[in-house]
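**Student:** My questions will all concern the structure given below.
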Amino acid sequence: MNIPFVDLKSQYDNIKSEIDEAISGVLENTSFVGGPIVENFELSFAKYLEVNHCVACANGTDAIEIALEALQIGEGDEVIVPAYTWVSTASAVNRVGATPVLVDVDPEFYNLDASRIERAITERTKAIIPVHFYGQPADMQGICKLAKYHSLFVVEDASQAHGAEINGKKVGGFGDIATFSFYPGKNLGAYGDGGCIVTNNKSLADDCRVLARLGQKGKHNHLRVGRNSRLDTLQAAVLSVKLKYLDSWTQQRNDNANAYNQALSSLPLALPKCEPNYRHCYHVYAVQTEQRDDLKKFLSDSGISTQIHYPRPLNRLPLYENFGYECPVSDKMAGRLLSLPMYPELTKGQINYVVETITGFYDK
Ligand SMILES: *Cc1c(COP(=O)(O)O)cnc(C)c1O
């Protein structure tokens, strides 16, 4: 049996007629950039998250940069980011001229926690960017409290956490501003690149829109040096169809994670944990083992694709390795975590095969 890491084809097959209709609708009216389809998607995604404003843009990396610019973070400022995340969380900080300060993650949830952040705060610190890593919400209560005490902005990088919740409230609504990616493999993925910024603050939302639309407020009225970062209409049409299914897909991801958890619980693997009041959205289902590389190879030889998110923490990338950050937890996790196949359409048979193969690895 061959099991892919994600299966976008079976997702497409399940909603093919709706997607095809949405795409041909765009082709028929040839409005490829902007227009009501993009506006409607912004409104529906804001409504889904229960936030007031959504500004669509070209990708999740732009979204972070635009959010930081809107907060007027730049030269001389420091922004706290987790050491274990996708590079964009930190490089976006550099792109606006500020300095990312890497803070180690906690060993159980792989997220930033408030106690580790406090030590990294200086007079220059302007913001914290918690990442809801793997789809597990970060400790927003602790982080927002700390941010309030030190007058810092909170920018949620929710690129891996569409639909994740804390006490029934969706992530993206906790910080001053939040960013999402619609990269195809994300839980809500386009058929190309896409992203957005969400916030409850109208003036921040207006600034994001100006910055993402060439500094323009009203036609031919350019107030600032902006960038051209748009979600194209085809992507908005695809995302609008998919958004309707997001909650049921998140439920299926949770069911699949529960099935893995039960079946793998007696093996010498650390399984993902979830706080009781949190709704994980299992963008990634990662197990932890000292024999990670051998297990990865064994699974691959058995037709099972796995990935590593990520093989190097930011403090080990050429980009940041010379800054002397000590992040022992991130270093350790990068050598131990293995992401198993995870997508809503994963079947019981597929899960059983993954489980049997892993069990076989430990029996040999
Ligand atoms: C995917 C991702 C991004 C960037 O998104 P793109 O759309 O690929 O630019 C940023 N942060 C995190 C944590 C991500 O997983």
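For the structure tokens, the naming scheme is as follows: chains receive sequential letters (A, B, ...) according to their order of presentation, residues are indexed from 1 within each chain, and ligands are indexed from 1 in presentation order.
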May I ask you to write as a list of chain:residue names all residues lying at most 8 Å from ligand 1, with only C-alpha atoms and all ligand atoms counted?
**Tutor:**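 Listed by chain and ascending number, the contacts are A:Ala58, A:Asn59, A:Gly60, A:Thr61, A:Asp62, A:Ala63, A:Ile64, A:Thr85, A:Trp86, A:Val87, A:Ser88, A:Thr89, A:Val131, A:His132, A:Phe133, A:Tyr134, A:Asp157, A:Ala158, A:Ser159, A:Gln160, A:Phe180, A:Ser181, A:Phe182, A:Tyr183, A:Lys186, A:Asp193, A:Gly194, A:Gly195.
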**Student:** Can you write just those residues out, N, CA, C and O atoms, as a JSON list (two decimals), in the first residue's frame?
**Tutor:**
```
[["chain", "number", "residue", "atom", "x", "y", "z"],
["A", 58, "ALA", "N", -1.36, 37.85, -0.93],
["A", 58, "ALA", "CA", -0.81, 36.86, -1.86],
["A", 58, "ALA", "C", -0.32, 35.58, -1.21],
["A", 58, "ALA", "O", -0.28, 34.53, -1.86],
["A", 59, "ASN", "N", 0.09, 35.63, 0.03],
["A", 59, "ASN", "CA", 0.59, 34.42, 0.71],
["A", 59, "ASN", "C", 0.73, 34.72, 2.20],
["A", 59, "ASN", "O", 0.61, 35.86, 2.64],
["A", 60, "GLY", "N", 1.00, 33.68, 2.97],
["A", 60, "GLY", "CA", 1.09, 33.83, 4.42],
["A", 60, "GLY", "C", 2.32, 34.59, 4.89],
["A", 60, "GLY", "O", 2.31, 35.17, 5.99],
["A", 61, "THR", "N", 3.36, 34.58, 4.08],
["A", 61, "THR", "CA", 4.58, 35.32, 4.43],
["A", 61, "THR", "C", 4.33, 36.82, 4.29],
["A", 61, "THR", "O", 4.64, 37.61, 5.21],
["A", 62, "ASP", "N", 3.75, 37.23, 3.16],
["A", 62, "ASP", "CA", 3.36, 38.64, 2.98],
["A", 62, "ASP", "C", 2.45, 39.08, 4.13],
["A", 62, "ASP", "O", 2.57, 40.20, 4.63],
["A", 63, "ALA", "N", 1.54, 38.19, 4.52],
["A", 63, "ALA", "CA", 0.57, 38.55, 5.56],
["A", 63, "ALA", "C", 1.30, 39.00, 6.84],
["A", 63, "ALA", "O", 0.93, 40.00, 7.45],
["A", 64, "ILE", "N", 2.34, 38.26, 7.23],
["A", 64, "ILE", "CA", 3.07, 38.63, 8.45],
["A", 64, "ILE", "C", 3.79, 39.97, 8.25],
["A", 64, "ILE", "O", 3.74, 40.85, 9.12],
["A", 85, "THR", "N", 9.77, 26.93, 14.11],
["A", 85, "THR", "CA", 8.66, 27.34, 13.25],
["A", 85, "THR", "C", 9.16, 27.37, 11.82],
["A", 85, "THR", "O", 10.35, 27.14, 11.56],
["A", 86, "TRP", "N", 8.27, 27.64, 10.91],
["A", 86, "TRP", "CA", 8.66, 27.88, 9.52],
["A", 86, "TRP", "C", 9.39, 29.22, 9.45],
["A", 86, "TRP", "O", 9.06, 30.14, 10.20],
["A", 87, "VAL", "N", 10.36, 29.34, 8.55],
["A", 87, "VAL", "CA", 11.25, 30.50, 8.52],
["A", 87, "VAL", "C", 10.52, 31.84, 8.39],
["A", 87, "VAL", "O", 10.97, 32.86, 8.92],
["A", 88, "SER", "N", 9.37, 31.84, 7.71],
["A", 88, "SER", "CA", 8.66, 33.10, 7.45],
["A", 88, "SER", "C", 8.33, 33.89, 8.71],
["A", 88, "SER", "O", 8.33, 35.12, 8.69],
["A", 89, "THR", "N", 8.03, 33.19, 9.80],
["A", 89, "THR", "CA", 7.65, 33.87, 11.03],
["A", 89, "THR", "C", 8.76, 34.83, 11.44],
["A", 89, "THR", "O", 8.50, 35.95, 11.89],
["A", 131, "VAL", "N", 3.12, 31.20, 17.26],
["A", 131, "VAL", "CA", 2.68, 30.37, 16.13],
["A", 131, "VAL", "C", 1.86, 29.24, 16.74],
["A", 131, "VAL", "O", 2.26, 28.66, 17.73],
["A", 132, "HIS", "N", 0.70, 28.96, 16.17],
["A", 132, "HIS", "CA", -0.09, 27.82, 16.65],
["A", 132, "HIS", "C", 0.44, 26.59, 15.94],
["A", 132, "HIS", "O", -0.10, 26.14, 14.92],
["A", 133, "PHE", "N", 1.53, 26.09, 16.47],
["A", 133, "PHE", "CA", 2.36, 25.13, 15.75],
["A", 133, "PHE", "C", 1.68, 23.77, 15.60],
["A", 133, "PHE", "O", 1.16, 23.22, 16.57],
["A", 134, "TYR", "N", 1.70, 23.25, 14.38],
["A", 134, "TYR", "CA", 1.07, 21.97, 14.02],
["A", 134, "TYR", "C", -0.47, 22.05, 14.11],
["A", 134, "TYR", "O", -1.14, 21.04, 13.96],
["A", 157, "ASP", "N", 0.59, 34.04, 14.32],
["A", 157, "ASP", "CA", 0.84, 33.38, 13.05],
["A", 157, "ASP", "C", 0.00, 32.10, 13.06],
["A", 157, "ASP", "O", 0.38, 31.08, 13.63],
["A", 158, "ALA", "N", -1.17, 32.21, 12.45],
["A", 158, "ALA", "CA", -2.14, 31.11, 12.47],
["A", 158, "ALA", "C", -2.11, 30.29, 11.18],
["A", 158, "ALA", "O", -3.08, 29.61, 10.83],
["A", 159, "SER", "N", -0.98, 30.33, 10.49],
["A", 159, "SER", "CA", -0.85, 29.65, 9.19],
["A", 159, "SER", "C", -1.13, 28.16, 9.25],
["A", 159, "SER", "O", -1.43, 27.54, 8.24],
["A", 160, "GLN", "N", -0.96, 27.55, 10.43],
["A", 160, "GLN", "CA", -1.16, 26.11, 10.55],
["A", 160, "GLN", "C", -2.43, 25.80, 11.34],
["A", 160, "GLN", "O", -2.63, 24.66, 11.76],
["A", 180, "PHE", "N", -2.85, 34.28, 8.22],
["A", 180, "PHE", "CA", -3.12, 32.92, 7.74],
["A", 180, "PHE", "C", -2.44, 32.72, 6.39],
["A", 180, "PHE", "O", -2.30, 33.67, 5.61],
["A", 181, "SER", "N", -2.07, 31.49, 6.13],
["A", 181, "SER", "CA", -1.58, 31.10, 4.81],
["A", 181, "SER", "C", -2.61, 30.17, 4.19],
["A", 181, "SER", "O", -3.21, 29.35, 4.88],
["A", 182, "PHE", "N", -2.82, 30.28, 2.88],
["A", 182, "PHE", "CA", -3.68, 29.34, 2.16],
["A", 182, "PHE", "C", -2.86, 28.52, 1.17],
["A", 182, "PHE", "O", -3.36, 28.10, 0.11],
["A", 183, "TYR", "N", -1.60, 28.30, 1.49],
["A", 183, "TYR", "CA", -0.75, 27.40, 0.71],
["A", 183, "TYR", "C", -1.51, 26.07, 0.54],
["A", 183, "TYR", "O", -2.24, 25.66, 1.46],
["A", 186, "LYS", "N", -2.05, 23.56, 3.41],
["A", 186, "LYS", "CA", -2.58, 24.01, 4.71],
["A", 186, "LYS", "C", -4.02, 23.48, 4.89],
["A", 186, "LYS", "O", -4.65, 23.06, 3.93],
["A", 193, "ASP", "N", -0.89, 29.97, -4.36],
["A", 193, "ASP", "CA", -0.60, 30.69, -3.12],
["A", 193, "ASP", "C", -1.74, 31.59, -2.70],
["A", 193, "ASP", "O", -2.54, 32.03, -3.53],
["A", 194, "GLY", "N", -1.79, 31.87, -1.41],
["A", 194, "GLY", "CA", -2.78, 32.81, -0.89],
["A", 194, "GLY", "C", -2.54, 33.03, 0.59],
["A", 194, "GLY", "O", -1.82, 32.24, 1.24],
["A", 195, "GLY", "N", -3.10, 34.10, 1.12],
["A", 195, "GLY", "CA", -2.96, 34.38, 2.54],
["A", 195, "GLY", "C", -3.91, 35.48, 2.95],
["A", 195, "GLY", "O", -4.63, 36.03, 2.10]]
```
**Student:** Enumerate, as a list of chain:residue names, the complete set of residues in stretch 316-346 of chain A that a backbone-based DSSP assignment places in strand (DSSP E).
**Tutor:**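 After running DSSP on the backbone, stretch 316-346 of chain A has strand (DSSP E) at A:Leu337, A:Leu338, A:Ser339, A:Leu340.
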**Student:** Keeping only all heavy atoms, write those residues as a PDB file, in the first residue's frame.
**Tutor:**
```pdb
ATOM      1  N   LEU A 337      11.234  14.638  15.979  1.00  0.00           N
ATOM      2  CA  LEU A 337       9.834  14.673  15.533  1.00  0.00           C
ATOM      3  C   LEU A 337       9.664  14.123  14.119  1.00  0.00           C
ATOM      4  O   LEU A 337      10.478  14.405  13.234  1.00  0.00           O
ATOM      5  CB  LEU A 337       9.288  16.106  15.606  1.00  0.00           C
ATOM      6  CG  LEU A 337       8.931  16.590  17.012  1.00  0.00           C
ATOM      7  CD1 LEU A 337       8.773  18.110  17.043  1.00  0.00           C
ATOM      8  CD2 LEU A 337       7.642  15.931  17.507  1.00  0.00           C
ATOM      9  N   LEU A 338       8.613  13.357  13.934  1.00  0.00           N
ATOM     10  CA  LEU A 338       8.292  12.807  12.623  1.00  0.00           C
ATOM     11  C   LEU A 338       6.799  12.997  12.368  1.00  0.00           C
ATOM     12  O   LEU A 338       5.961  12.595  13.175  1.00  0.00           O
ATOM     13  CB  LEU A 338       8.632  11.311  12.580  1.00  0.00           C
ATOM     14  CG  LEU A 338       8.377  10.637  11.229  1.00  0.00           C
ATOM     15  CD1 LEU A 338       9.325  11.182  10.154  1.00  0.00           C
ATOM     16  CD2 LEU A 338       8.545   9.118  11.342  1.00  0.00           C
ATOM     17  N   SER A 339       6.474  13.637  11.244  1.00  0.00           N
ATOM     18  CA  SER A 339       5.066  13.898  10.910  1.00  0.00           C
ATOM     19  C   SER A 339       4.513  12.738  10.087  1.00  0.00           C
ATOM     20  O   SER A 339       5.029  12.428   9.010  1.00  0.00           O
ATOM     21  CB  SER A 339       4.947  15.193  10.110  1.00  0.00           C
ATOM     22  OG  SER A 339       5.688  16.230  10.730  1.00  0.00           O
ATOM     23  N   LEU A 340       3.467  12.109  10.598  1.00  0.00           N
ATOM     24  CA  LEU A 340       2.831  10.971   9.911  1.00  0.00           C
ATOM     25  C   LEU A 340       1.782  11.477   8.910  1.00  0.00           C
ATOM     26  O   LEU A 340       1.331  12.618   9.020  1.00  0.00           O
ATOM     27  CB  LEU A 340       2.146  10.056  10.942  1.00  0.00           C
ATOM     28  CG  LEU A 340       3.024   9.481  12.048  1.00  0.00           C
ATOM     29  CD1 LEU A 340       2.204   8.518  12.916  1.00  0.00           C
ATOM     30  CD2 LEU A 340       4.239   8.761  11.480  1.00  0.00           C
TER      31      LEU A 340
END
```
**Student:** Got a sec to tell me which of stretch 102-274 of chain A DSSP assigns to alpha helix (DSSP H), as a VMD selection string?
**Tutor:** chain A and resid 114 to 118 140 to 149 202 to 212 233 to 243 246 to 264
**Student:** Which residue, A:Asp139, A:Asp206, A:Glu39, A:Glu290, has the smallest gap to A:Gly175 when you use only C-alpha atoms?
**Tutor:** A:Asp139
**Student:** Under the rule that only C-alpha atoms are counted, which of A:Lys244, A:Lys219, A:Lys364, A:Lys145 is the nearest residue to A:Glu118?
**Tutor:**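 Selected residue with least distance to A:Glu118: A:Lys145.
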**Student:** Excluding A:Met140 and residues on its chain fewer than 5 positions from it, collect all residues at most 12 Å away from it, counting only C-alpha atoms, and give them as a ChimeraX atom specification.
**Tutor:** /A:111-114,128-132,145-148,154-158,165-167,169-176,278
**Student:** Kindly export the residues of the current selection with C-alpha atoms, as a PDB file, in the first residue's frame.
**Tutor:**
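File out-v6.pdb, as written:
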```pdb
ATOM      1  CA  ASN A 111       4.738  26.240  21.301  1.00  0.00           C
ATOM      2  CA  LEU A 112       5.946  29.489  22.812  1.00  0.00           C
ATOM      3  CA  ASP A 113       5.051  29.736  26.458  1.00  0.00           C
ATOM      4  CA  ALA A 114       4.772  32.906  28.482  1.00  0.00           C
ATOM      5  CA  ILE A 128       5.378  38.725  20.116  1.00  0.00           C
ATOM      6  CA  ILE A 129       4.475  36.348  17.293  1.00  0.00           C
ATOM      7  CA  PRO A 130       3.090  33.110  18.734  1.00  0.00           C
ATOM      8  CA  VAL A 131       2.685  30.372  16.133  1.00  0.00           C
ATOM      9  CA  HIS A 132      -0.092  27.825  16.652  1.00  0.00           C
ATOM     10  CA  LYS A 145      -1.513  38.859  29.582  1.00  0.00           C
ATOM     11  CA  LEU A 146       2.246  39.225  29.381  1.00  0.00           C
ATOM     12  CA  ALA A 147       1.967  41.387  26.260  1.00  0.00           C
ATOM     13  CA  LYS A 148      -0.523  43.661  27.959  1.00  0.00           C
ATOM     14  CA  VAL A 154       0.539  40.169  19.690  1.00  0.00           C
ATOM     15  CA  VAL A 155       0.605  38.954  16.083  1.00  0.00           C
ATOM     16  CA  GLU A 156      -0.756  35.413  15.814  1.00  0.00           C
ATOM     17  CA  ASP A 157       0.841  33.376  13.045  1.00  0.00           C
ATOM     18  CA  ALA A 158      -2.143  31.106  12.472  1.00  0.00           C
ATOM     19  CA  GLU A 165      -9.969  26.884  19.151  1.00  0.00           C
ATOM     20  CA  ILE A 166      -9.368  27.806  22.770  1.00  0.00           C
ATOM     21  CA  ASN A 167     -12.492  27.496  24.948  1.00  0.00           C
ATOM     22  CA  LYS A 169     -13.091  30.658  20.373  1.00  0.00           C
ATOM     23  CA  LYS A 170     -11.162  30.381  17.120  1.00  0.00           C
ATOM     24  CA  VAL A 171      -7.484  31.324  16.991  1.00  0.00           C
ATOM     25  CA  GLY A 172      -6.869  34.467  14.999  1.00  0.00           C
ATOM     26  CA  GLY A 173      -9.151  36.428  17.318  1.00  0.00           C
ATOM     27  CA  PHE A 174      -6.864  36.559  20.356  1.00  0.00           C
ATOM     28  CA  GLY A 175      -4.034  38.880  19.338  1.00  0.00           C
ATOM     29  CA  ASP A 176      -4.050  42.438  17.959  1.00  0.00           C
ATOM     30  CA  TYR A 278      -8.259  23.463  23.143  1.00  0.00           C
TER      31      TYR A 278
END
```
**Student:** Which residue is closest to A:Leu295? Choose from A:Phe32, A:Tyr362, A:Tyr12, A:Phe153 and count only C-alpha atoms.
**Tutor:** A:Tyr362
**Student:** Would you mind telling me which residue in A:Lys348, A:His53, A:Arg116, A:Arg95 lies nearest to A:Gln252 when using only C-alpha atoms?
**Tutor:**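 Of A:Lys348, A:His53, A:Arg116, A:Arg95, the one nearest A:Gln252 is A:Lys348, counting only C-alpha atoms.
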**Student:** Taking only C-alpha atoms into account, name the residue in A:Gly349, A:Gly185, A:Gly226, A:Gly360 that is nearest to A:Val284.
**Tutor:**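 Closest candidate: A:Gly185.
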**Student:** Excluding A:Glu275 and its own-chain neighbours fewer than 5 positions away, which residues fall within 10 Å of it when counting only C-alpha atoms? Please give them as a list of chain:residue names.
**Tutor:** A:Phe109, A:Gln136, A:Pro137, A:Ala138, A:Asp139, A:Ile166, A:His280
**Student:** Within 9 Å of A:Leu188, counting only C-alpha atoms, which residues show up once you throw out same-chain ones fewer than 6 positions away? Write them as a short mmCIF file (atom, residue, chain, number, x, y, z; two decimals) with N, CA, C and O atoms, in the first residue's frame, please.
**Tutor:**
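The resulting file, selection-v4.cif, is reproduced below:
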```cif
data_model
loop_
_atom_site.label_atom_id
_atom_site.label_comp_id
_atom_site.auth_asym_id
_atom_site.auth_seq_id
_atom_site.Cartn_x
_atom_site.Cartn_y
_atom_site.Cartn_z
N HIS A 162 -6.10 26.98 10.95
CA HIS A 162 -7.45 27.37 10.54
C HIS A 162 -8.47 26.55 11.32
O HIS A 162 -8.51 25.32 11.16
N SER A 181 -2.07 31.49 6.13
CA SER A 181 -1.58 31.10 4.81
C SER A 181 -2.61 30.17 4.19
O SER A 181 -3.21 29.35 4.88
N PHE A 182 -2.82 30.28 2.88
CA PHE A 182 -3.68 29.34 2.16
C PHE A 182 -2.86 28.52 1.17
O PHE A 182 -3.36 28.10 0.11
N LEU A 239 -11.26 28.82 -2.45
CA LEU A 239 -11.29 28.89 -0.98
C LEU A 239 -12.72 29.03 -0.46
O LEU A 239 -13.06 28.50 0.60
N LYS A 242 -14.18 25.64 -0.37
CA LYS A 242 -13.57 24.79 0.65
C LYS A 242 -13.91 25.21 2.08
O LYS A 242 -13.99 24.37 2.97
N LEU A 243 -14.11 26.52 2.27
CA LEU A 243 -14.38 27.01 3.64
C LEU A 243 -15.60 26.33 4.25
O LEU A 243 -15.64 26.05 5.45
N LEU A 246 -14.54 23.20 5.98
CA LEU A 246 -13.40 23.22 6.89
C LEU A 246 -13.72 22.57 8.24
O LEU A 246 -12.93 21.77 8.74
#
```
**Student:** Report the distance between atom CA of A:Glu42 and atom CA of A:Gly168 in Å, rounded to one decimal place.
**Tutor:**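 If I compute the distance from atom CA of A:Glu42 to atom CA of A:Gly168, I get 21.6 Å.
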**Student:** Please list as a CSV table (one decimal) with N, CA and C atoms, in the first residue's frame every residue within 12 Å of stretch 300-310 of chain A, counting only C-alpha atoms and excluding residues in the same chain fewer than 4 positions away.
**Tutor:**
```
chain,number,residue,atom,x,y,z
A,1,MET,N,0.8,-1.2,0.0
A,1,MET,CA,0.0,0.0,0.0
A,1,MET,C,0.9,1.2,0.0
A,2,ASN,N,0.5,2.2,-0.8
A,2,ASN,CA,1.2,3.5,-0.8
A,2,ASN,C,0.3,4.6,-0.1
A,3,ILE,N,0.9,5.2,0.9
A,3,ILE,CA,0.1,6.3,1.5
A,3,ILE,C,0.9,7.6,1.4
A,4,PRO,N,0.2,8.6,0.7
A,4,PRO,CA,0.9,9.9,0.6
A,4,PRO,C,0.9,10.6,1.9
A,5,PHE,N,1.7,11.7,2.0
A,5,PHE,CA,1.7,12.5,3.2
A,5,PHE,C,0.4,13.3,3.3
A,6,VAL,N,0.1,14.0,2.2
A,6,VAL,CA,-1.3,14.6,2.1
A,6,VAL,C,-1.9,14.2,0.8
A,7,ASP,N,-3.2,14.2,0.7
A,7,ASP,CA,-3.9,13.7,-0.5
A,7,ASP,C,-4.9,14.8,-1.0
A,83,ALA,N,11.6,29.7,18.2
A,83,ALA,CA,12.8,29.2,17.5
A,83,ALA,C,12.4,28.0,16.6
A,84,TYR,N,11.3,27.3,16.9
A,84,TYR,CA,10.9,26.2,16.1
A,84,TYR,C,9.6,26.5,15.4
A,85,THR,N,9.8,26.9,14.1
A,85,THR,CA,8.7,27.3,13.3
A,85,THR,C,9.2,27.4,11.8
A,86,TRP,N,8.3,27.6,10.9
A,86,TRP,CA,8.7,27.9,9.5
A,86,TRP,C,9.4,29.2,9.5
A,87,VAL,N,10.4,29.3,8.5
A,87,VAL,CA,11.3,30.5,8.5
A,87,VAL,C,10.5,31.8,8.4
A,110,TYR,N,5.4,22.2,21.9
A,110,TYR,CA,6.2,22.8,20.9
A,110,TYR,C,5.8,24.2,20.5
A,133,PHE,N,1.5,26.1,16.5
A,133,PHE,CA,2.4,25.1,15.8
A,133,PHE,C,1.7,23.8,15.6
A,134,TYR,N,1.7,23.2,14.4
A,134,TYR,CA,1.1,22.0,14.0
A,134,TYR,C,-0.5,22.0,14.1
A,160,GLN,N,-1.0,27.6,10.4
A,160,GLN,CA,-1.2,26.1,10.5
A,160,GLN,C,-2.4,25.8,11.3
A,283,HIS,N,-3.0,20.1,11.8
A,283,HIS,CA,-2.4,20.4,10.5
A,283,HIS,C,-1.3,19.3,10.3
A,284,VAL,N,-0.6,19.1,11.4
A,284,VAL,CA,0.5,18.1,11.4
A,284,VAL,C,0.2,17.1,12.6
A,285,TYR,N,0.4,15.8,12.4
A,285,TYR,CA,0.3,14.9,13.5
A,285,TYR,C,1.7,14.3,13.6
A,286,ALA,N,2.5,14.8,14.6
A,286,ALA,CA,3.9,14.4,14.7
A,286,ALA,C,4.1,13.6,16.0
A,287,VAL,N,4.9,12.5,15.8
A,287,VAL,CA,5.3,11.7,17.0
A,287,VAL,C,6.8,12.0,17.2
A,288,GLN,N,7.2,11.7,18.4
A,288,GLN,CA,8.6,11.9,18.8
A,288,GLN,C,9.3,10.6,19.2
A,292,ARG,N,14.0,8.4,15.1
A,292,ARG,CA,13.3,9.1,14.1
A,292,ARG,C,13.7,8.7,12.7
A,293,ASP,N,15.0,8.8,12.4
A,293,ASP,CA,15.5,8.7,11.1
A,293,ASP,C,15.3,7.2,10.6
A,294,ASP,N,15.6,6.2,11.5
A,294,ASP,CA,15.4,4.8,11.1
A,294,ASP,C,13.9,4.6,10.9
A,295,LEU,N,13.0,5.1,11.7
A,295,LEU,CA,11.6,4.9,11.5
A,295,LEU,C,11.1,5.5,10.2
A,296,LYS,N,11.6,6.7,9.9
A,296,LYS,CA,11.3,7.4,8.7
A,296,LYS,C,11.6,6.5,7.5
A,314,LEU,N,15.2,27.4,13.7
A,314,LEU,CA,15.7,28.6,13.1
A,314,LEU,C,17.1,28.9,13.6
A,315,ASN,N,17.4,28.6,14.9
A,315,ASN,CA,18.8,28.8,15.4
A,315,ASN,C,19.8,28.0,14.7
A,316,ARG,N,19.5,27.0,13.9
A,316,ARG,CA,20.4,26.2,13.2
A,316,ARG,C,20.5,26.5,11.7
A,317,LEU,N,19.7,27.5,11.3
A,317,LEU,CA,19.7,27.9,9.8
A,317,LEU,C,20.9,28.8,9.6
A,330,SER,N,14.2,23.1,21.0
A,330,SER,CA,14.1,23.1,19.6
A,330,SER,C,15.1,22.2,18.9
A,331,ASP,N,16.4,22.3,19.4
A,331,ASP,CA,17.4,21.4,18.9
A,331,ASP,C,17.0,19.9,19.0
A,332,LYS,N,16.5,19.6,20.2
A,332,LYS,CA,16.2,18.2,20.4
A,332,LYS,C,15.0,17.7,19.6
A,333,MET,N,14.0,18.6,19.5
A,333,MET,CA,12.8,18.3,18.8
A,333,MET,C,13.1,18.0,17.3
A,334,ALA,N,14.0,18.9,16.7
A,334,ALA,CA,14.3,18.8,15.3
A,334,ALA,C,15.0,17.4,15.0
A,335,GLY,N,15.5,16.7,16.0
A,335,GLY,CA,16.1,15.4,15.8
A,335,GLY,C,15.1,14.3,16.1
A,336,ARG,N,14.0,14.6,16.6
A,336,ARG,CA,13.1,13.5,17.1
A,336,ARG,C,11.7,13.5,16.5
A,337,LEU,N,11.2,14.6,16.0
A,337,LEU,CA,9.8,14.7,15.5
A,337,LEU,C,9.7,14.1,14.1
A,338,LEU,N,8.6,13.4,13.9
A,338,LEU,CA,8.3,12.8,12.6
A,338,LEU,C,6.8,13.0,12.4
A,339,SER,N,6.5,13.6,11.2
A,339,SER,CA,5.1,13.9,10.9
A,339,SER,C,4.5,12.7,10.1
A,340,LEU,N,3.5,12.1,10.6
A,340,LEU,CA,2.8,11.0,9.9
A,340,LEU,C,1.8,11.5,8.9
A,341,PRO,N,1.4,10.6,8.0
A,341,PRO,CA,0.3,11.1,7.0
A,341,PRO,C,-0.9,11.6,7.8
A,342,MET,N,-1.4,12.7,7.4
A,342,MET,CA,-2.6,13.3,8.1
A,342,MET,C,-3.3,14.2,7.1
A,350,GLN,N,-6.0,2.8,5.8
A,350,GLN,CA,-4.7,3.5,5.7
A,350,GLN,C,-4.1,3.7,7.1
A,351,ILE,N,-4.9,4.1,8.1
A,351,ILE,CA,-4.4,4.3,9.4
A,351,ILE,C,-3.9,3.0,10.0
A,352,ASN,N,-4.7,1.9,9.8
A,352,ASN,CA,-4.3,0.6,10.3
A,352,ASN,C,-2.9,0.2,9.7
A,353,TYR,N,-2.8,0.5,8.4
A,353,TYR,CA,-1.5,0.1,7.8
A,353,TYR,C,-0.3,0.9,8.4
A,354,VAL,N,-0.5,2.2,8.6
A,354,VAL,CA,0.5,3.0,9.2
A,354,VAL,C,0.9,2.4,10.6
A,355,VAL,N,-0.2,2.2,11.4
A,355,VAL,CA,0.0,1.7,12.7
A,355,VAL,C,0.7,0.3,12.7
A,356,GLU,N,0.2,-0.6,11.9
A,356,GLU,CA,0.9,-1.9,11.8
A,356,GLU,C,2.3,-1.8,11.4
A,357,THR,N,2.6,-0.9,10.5
A,357,THR,CA,4.0,-0.8,10.0
A,357,THR,C,4.9,-0.2,11.2
A,358,ILE,N,4.4,0.7,11.9
A,358,ILE,CA,5.1,1.3,13.0
A,358,ILE,C,5.3,0.2,14.1
A,360,GLY,N,5.4,-2.9,13.6
A,360,GLY,CA,6.4,-3.9,13.1
A,360,GLY,C,7.8,-3.3,13.2
A,361,PHE,N,8.0,-2.1,13.1
A,361,PHE,CA,9.3,-1.5,13.3
A,361,PHE,C,9.8,-1.7,14.7
```
**Student:** Fewer than 6 positions away in the same chain doesn't count, so skip those; otherwise give me all residues within 8 Å of A:Val238, counting only C-alpha atoms, as a PyMOL selection string.
**Tutor:** chain A and resi 19+22-23+190-191
**Student:** How many Å separate atom CA of A:Ala98 from atom CA of A:Pro318?
**Tutor:**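 So the two atoms, atom CA of A:Ala98 and atom CA of A:Pro318, lie 18.3 Å apart.
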**Student:** Under the rule that only C-alpha atoms are counted, which of A:Val241, A:Leu267, A:Cys54, A:Leu346 is the nearest residue to A:Ser17?
**Tutor:**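 Closest candidate: A:Val241.
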